[in-house]
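A.B. asks: Hey, dropping input-v9.txt in here, compact mmCIF, C-alpha atoms:
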```
# COMPACT_ATOMS: atom_id res chain seq x y z
CA MET A 1 86.10 163.87 19.54
CA LEU A 2 87.28 162.29 22.78
CA GLY A 3 87.21 165.61 24.64
CA SER A 4 83.59 166.31 23.65
CA PHE A 5 82.54 162.78 24.55
CA LEU A 6 84.17 162.98 27.99
CA ARG A 7 82.85 166.49 28.71
CA LYS A 8 79.31 165.37 27.89
CA PHE A 9 79.59 162.23 30.01
CA PHE A 10 80.85 164.12 33.06
CA ALA A 11 78.34 166.93 32.56
CA ASP A 12 75.53 164.35 32.47
CA TYR A 13 76.77 161.95 35.18
CA GLY A 14 79.83 163.43 36.91
CA SER A 15 78.28 164.87 40.03
CA PRO A 16 76.99 162.57 42.76
CA ASP A 17 73.27 161.92 42.66
CA THR A 18 71.74 163.76 45.60
CA ASN A 19 68.76 161.38 45.62
CA GLY A 20 70.95 158.33 46.17
CA SER A 21 69.08 156.63 43.34
CA GLY A 22 71.92 155.78 41.01
CA ASP A 23 75.54 155.81 39.96
CA ALA A 24 77.51 155.98 36.72
CA ASN A 25 80.84 154.44 35.74
CA LEU A 26 83.05 154.96 32.73
CA ALA A 27 85.81 152.55 31.76
CA TYR A 28 88.05 152.59 28.73
CA GLN A 29 90.35 150.29 26.80
CA VAL A 30 92.82 151.04 24.01
CA PHE A 31 93.29 148.61 21.11
CA THR A 32 96.16 148.72 18.63
CA HIS A 33 95.83 147.57 15.04
CA SER A 34 99.10 149.03 13.79
CA PRO A 35 101.54 151.59 15.15
CA ASN A 36 99.45 154.31 13.47
CA THR A 37 95.95 152.91 14.11
CA LYS A 38 94.39 152.76 17.56
CA THR A 39 90.86 152.42 18.90
CA VAL A 40 89.64 153.79 22.22
CA MET A 41 86.58 151.97 23.53
CA PHE A 42 84.53 153.48 26.35
CA GLN A 43 81.97 151.50 28.31
CA ALA A 44 79.57 153.61 30.32
CA ASP A 45 77.19 152.03 32.81
CA TRP A 46 74.38 153.77 34.67
CA TYR A 47 72.98 152.07 37.74
CA PHE A 48 69.55 153.07 38.93
CA ASN A 49 68.19 151.51 42.10
CA ASN A 50 64.80 150.72 40.60
CA MET A 51 66.11 148.76 37.57
CA PRO A 52 67.13 145.05 37.44
CA HIS A 53 70.13 145.70 35.14
CA PRO A 54 72.37 148.67 34.51
CA ILE A 55 71.85 150.70 31.37
CA GLY A 56 75.03 150.79 29.32
CA GLN A 57 76.57 152.28 26.25
CA ILE A 58 79.67 151.38 24.24
CA SER A 59 81.32 154.21 22.32
CA THR A 60 84.37 153.70 20.13
CA PHE A 61 86.78 156.06 18.41
CA THR A 62 89.30 154.71 15.91
CA PHE A 63 92.15 156.94 14.79
CA ASP A 64 94.68 156.73 12.00
CA PHE A 65 97.53 158.84 13.34
CA GLY A 66 99.43 158.54 10.05
CA GLN A 67 96.59 160.35 8.26
CA GLY A 68 95.69 162.43 11.31
CA LYS A 69 92.01 161.53 11.27
CA GLN A 70 89.28 159.57 12.97
CA LEU A 71 88.22 156.55 10.93
CA GLN A 72 84.67 155.58 10.12
CA LEU A 73 83.71 152.01 9.22
CA ALA A 74 83.37 153.07 5.57
CA ASP A 75 87.05 154.13 5.61
CA LEU A 76 88.05 150.48 6.09
CA VAL A 77 86.39 149.17 2.94
CA CYS A 78 87.04 149.76 -0.74
CA PRO A 79 85.40 152.77 -2.39
CA GLY A 80 81.82 152.10 -3.46
CA ILE A 81 81.31 149.28 -0.95
CA ASP A 82 78.65 149.73 1.73
CA PRO A 83 80.11 148.20 4.91
CA LEU A 84 76.61 147.60 6.31
CA LYS A 85 75.85 145.35 3.34
CA ALA A 86 79.29 143.77 2.74
CA ILE A 87 80.33 142.92 6.32
CA PRO A 88 77.23 140.99 7.58
CA PRO A 89 77.57 137.94 5.30
CA ILE A 90 81.24 137.63 6.29
CA ALA A 91 80.56 138.29 9.99
CA ARG A 92 77.56 135.94 10.26
CA ARG A 93 79.43 132.85 11.53
CA PHE A 94 81.38 134.91 14.08
CA VAL A 95 78.16 136.48 15.34
CA GLN A 96 76.67 132.98 15.59
CA GLN A 97 79.63 131.86 17.72
CA ALA A 98 79.17 134.89 20.00
CA LEU A 99 75.47 134.02 20.42
CA VAL A 100 75.94 130.41 21.56
CA GLY A 101 73.58 129.82 24.47
CA SER A 102 71.69 133.05 23.80
CA PRO A 103 67.99 133.33 22.94
CA PHE A 104 68.80 135.89 20.22
CA THR A 105 69.19 135.19 16.50
CA VAL A 106 71.97 136.14 14.10
CA ALA A 107 69.46 138.14 12.04
CA GLN A 108 68.86 140.45 15.02
CA PHE A 109 72.55 141.38 14.92
CA GLU A 110 72.63 142.39 11.27
CA PRO A 111 72.29 146.05 10.31
CA ASN A 112 69.23 147.57 8.69
CA GLN A 113 66.76 145.05 10.08
CA THR A 114 63.36 146.54 10.75
CA GLU A 115 62.30 144.43 13.72
CA GLY A 116 64.35 143.54 16.77
CA GLU A 117 67.61 144.83 15.28
CA LEU A 118 70.46 144.89 17.79
CA ALA A 119 73.42 145.67 15.51
CA ASP A 120 72.97 149.46 15.84
CA ASN A 121 74.39 149.67 12.31
CA TYR A 122 77.79 148.64 13.67
CA GLN A 123 78.25 152.02 15.34
CA ALA A 124 80.58 150.56 18.00
CA TRP A 125 83.60 148.76 16.56
CA ALA A 126 87.34 148.45 17.14
CA LEU A 127 90.40 147.36 15.24
CA ASP A 128 92.30 145.07 17.60
CA ALA A 129 95.47 143.54 16.15
CA ASP A 130 94.21 141.53 13.16
CA ASP A 131 90.49 141.62 14.05
CA LEU A 132 87.48 143.83 13.55
CA VAL A 133 85.58 143.69 16.84
CA LEU A 134 81.89 144.60 16.80
CA TYR A 135 80.13 145.68 20.01
CA MET A 136 76.43 144.94 19.77
CA PRO A 137 74.13 146.40 20.76
CA ALA A 138 75.92 149.70 21.33
CA GLY A 139 73.36 150.48 24.03
CA ARG A 140 71.87 147.91 26.38
CA GLY A 141 69.68 147.28 29.37
CA ALA A 142 66.41 149.05 28.60
CA GLY A 143 63.38 148.43 26.44
CA GLY A 144 63.95 144.72 25.80
CA VAL A 145 67.61 145.15 24.86
CA PRO A 146 69.76 142.33 26.28
CA PRO A 147 71.55 143.07 29.54
CA ALA A 148 74.92 142.16 27.97
CA PHE A 149 76.88 142.96 24.84
CA ILE A 150 78.14 140.48 22.28
CA THR A 151 81.56 141.10 20.80
CA PRO A 152 82.19 139.00 17.72
CA ARG A 153 85.77 139.20 16.46
CA ILE A 154 86.01 139.02 12.68
CA PRO A 155 89.53 138.30 11.43
CA LEU A 156 90.59 140.96 8.94
CA ALA A 157 91.84 138.14 6.72
CA GLU A 158 88.18 137.10 6.28
CA LEU A 159 87.33 140.66 5.24
CA SER A 160 90.34 141.07 2.92
CA PRO A 161 88.32 141.03 -0.35
CA ILE A 162 86.58 144.26 0.71
CA LEU A 163 89.32 145.99 2.74
CA ARG A 164 90.89 149.18 1.47
CA GLU A 165 94.24 148.37 3.13
CA LYS A 166 94.47 145.21 0.98
CA GLY A 167 94.49 147.35 -2.16
CA CYS A 168 90.93 146.73 -3.43
CA SER A 169 90.43 144.62 -6.52
CA THR A 170 89.76 147.72 -8.66
CA GLY A 171 93.18 149.15 -7.82
CA GLN A 172 91.58 152.04 -5.91
CA GLY A 173 92.21 152.71 -2.26
```
Represent the structure of the file as structure tokens.

C.D. replies:
Amino acid sequence: MLGSFLRKFFADYGSPDTNGSGDANLAYQVFTHSPNTKTVMFQADWYFNNMPHPIGQISTFTFDFGQGKQLQLADLVCPGIDPLKAIPPIARRFVQQALVGSPFTVAQFEPNQTEGELADNYQAWALDADDLVLYMPAGRGAGGVPPAFITPRIPLAELSPILREKGCSTGQG
């Protein structure tokens, strides 16, 4: 996963631009949820001389080393629960806090909206200590997308009724 991501990034942006019209940067951060669960977050920024803001992308990869697999958002919640339907009502107040002073609305940062949706179906997320961190939008800077990301932190304790690691109320998990 990480190898393919990095190979593609450097194939696309690794050699200097001979036109002198832009530049690309890639930064990363590692978050730890437990000794066996870590998230690697990459932030890529492309700078083009003719644009007012850089274009950017957040990509995240969360791994459970105990199970030897990459986790998807659905792996965090109890079986039968759609995370894109169950998380938004819980996350709403944390998204609102992240939007203070912004012209955007909470509804724009909820998945599956048809108009002006900036949640990107929660494709960029991290487990950091006792929080689920959402990076929205996953891509930014072009086509009316805001020039900055919002990163609401939802305490896992708030999500406990739907979390698989809490045992699930049905006893599955």

A.B. asks: Counting all atoms listed in the file, figure out which residue out of A:Gly3, A:Pro35, A:Pro89, A:Gly139 gets nearest to A:Gly66.

C.D. replies: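 Smallest distance to A:Gly66 is found for A:Pro35.
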
A.B. asks: For atom CA of A:Met136 and atom CA of A:Phe42, determine how far apart the two atoms are, in Å to one decimal place.

C.D. replies: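 Calculated distance between atom CA of A:Met136 and atom CA of A:Phe42 is 13.5 Å.
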
A.B. asks: What does the distance from atom CA of A:Pro54 to atom CA of A:Gln123 come to in Å, to one decimal?

C.D. replies: 20.3 Å

A.B. asks: Would you work out the distance separating atom CA of A:Leu134 from atom CA of A:Phe10, expressed in Å to one decimal?

C.D. replies: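 Pair atom CA of A:Leu134 / atom CA of A:Phe10 returns 25.4 Å.
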
A.B. asks: Report as number ranges by chain all protein, DNA and RNA residues lying within 12 Å of A:Asp12, evaluated on all atoms listed in the file, omitting residues in the same chain fewer than 4 positions from it.

C.D. replies: A: 5-8, 16-17, 23-25, 44, 46

A.B. asks: Keeping only C-alpha atoms, write the selected residues as an mmCIF file, in the frame of the given file.

C.D. replies:
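Result file is again-v1.cif:
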```cif
data_model
loop_
_atom_site.group_PDB
_atom_site.id
_atom_site.type_symbol
_atom_site.label_atom_id
_atom_site.label_comp_id
_atom_site.auth_asym_id
_atom_site.auth_seq_id
_atom_site.Cartn_x
_atom_site.Cartn_y
_atom_site.Cartn_z
ATOM 1 C CA PHE A 5 82.540 162.780 24.550
ATOM 2 C CA LEU A 6 84.170 162.980 27.990
ATOM 3 C CA ARG A 7 82.850 166.490 28.710
ATOM 4 C CA LYS A 8 79.310 165.370 27.890
ATOM 5 C CA PRO A 16 76.990 162.570 42.760
ATOM 6 C CA ASP A 17 73.270 161.920 42.660
ATOM 7 C CA ASP A 23 75.540 155.810 39.960
ATOM 8 C CA ALA A 24 77.510 155.980 36.720
ATOM 9 C CA ASN A 25 80.840 154.440 35.740
ATOM 10 C CA ALA A 44 79.570 153.610 30.320
ATOM 11 C CA TRP A 46 74.380 153.770 34.670
#
```

A.B. asks: Neighbours of A:Pro88 within 10 Å (only C-alpha atoms; same-chain residues fewer than 5 positions away dropped), as a PDB file with C-alpha atoms, in the frame of the given file?

C.D. replies:
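This is the output file selection36.pdb:
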```
ATOM      1  CA  PRO A  83      80.110 148.200   4.910  1.00  0.00           C
ATOM      2  CA  ARG A  93      79.430 132.850  11.530  1.00  0.00           C
ATOM      3  CA  PHE A  94      81.380 134.910  14.080  1.00  0.00           C
ATOM      4  CA  VAL A  95      78.160 136.480  15.340  1.00  0.00           C
ATOM      5  CA  VAL A 106      71.970 136.140  14.100  1.00  0.00           C
ATOM      6  CA  ALA A 107      69.460 138.140  12.040  1.00  0.00           C
ATOM      7  CA  PHE A 109      72.550 141.380  14.920  1.00  0.00           C
ATOM      8  CA  GLU A 110      72.630 142.390  11.270  1.00  0.00           C
ATOM      9  CA  PRO A 111      72.290 146.050  10.310  1.00  0.00           C
ATOM     10  CA  ALA A 119      73.420 145.670  15.510  1.00  0.00           C
ATOM     11  CA  TYR A 122      77.790 148.640  13.670  1.00  0.00           C
TER      12      TYR A 122
END
```

A.B. asks: Pick from A:Arg140, A:Lys85, A:Arg92, A:His33: nearest to A:Phe63, with only C-alpha atoms counted?

C.D. replies: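 Distance minimum relative to A:Phe63 lands on A:His33.
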
A.B. asks: Taking all atoms listed in the file into account, produce a table as JSON lines in which each residue of stretch 24-87 of chain A with an atom at most 9 Å from an atom of stretch 146-165 of chain A appears once, together with its shortest atom pair and the distance in Å to one decimal, ordered by chain and rising number.

C.D. replies:
```
{"residue": "A:His53", "atom": "CA", "partner": "A:Pro147", "partner_atom": "CA", "distance": 6.3}
{"residue": "A:Pro54", "atom": "CA", "partner": "A:Pro147", "partner_atom": "CA", "distance": 7.5}
{"residue": "A:Ile55", "atom": "CA", "partner": "A:Pro147", "partner_atom": "CA", "distance": 7.9}
{"residue": "A:Gly56", "atom": "CA", "partner": "A:Pro147", "partner_atom": "CA", "distance": 8.5}
{"residue": "A:Ile58", "atom": "CA", "partner": "A:Phe149", "partner_atom": "CA", "distance": 8.9}
{"residue": "A:Asp75", "atom": "CA", "partner": "A:Arg164", "partner_atom": "CA", "distance": 7.5}
{"residue": "A:Leu76", "atom": "CA", "partner": "A:Arg164", "partner_atom": "CA", "distance": 5.6}
{"residue": "A:Val77", "atom": "CA", "partner": "A:Leu163", "partner_atom": "CA", "distance": 4.3}
{"residue": "A:Cys78", "atom": "CA", "partner": "A:Arg164", "partner_atom": "CA", "distance": 4.5}
{"residue": "A:Pro79", "atom": "CA", "partner": "A:Arg164", "partner_atom": "CA", "distance": 7.6}
{"residue": "A:Ile81", "atom": "CA", "partner": "A:Ile162", "partner_atom": "CA", "distance": 7.5}
{"residue": "A:Pro83", "atom": "CA", "partner": "A:Ile162", "partner_atom": "CA", "distance": 8.7}
{"residue": "A:Ala86", "atom": "CA", "partner": "A:Ile162", "partner_atom": "CA", "distance": 7.6}
{"residue": "A:Ile87", "atom": "CA", "partner": "A:Leu159", "partner_atom": "CA", "distance": 7.4}
```
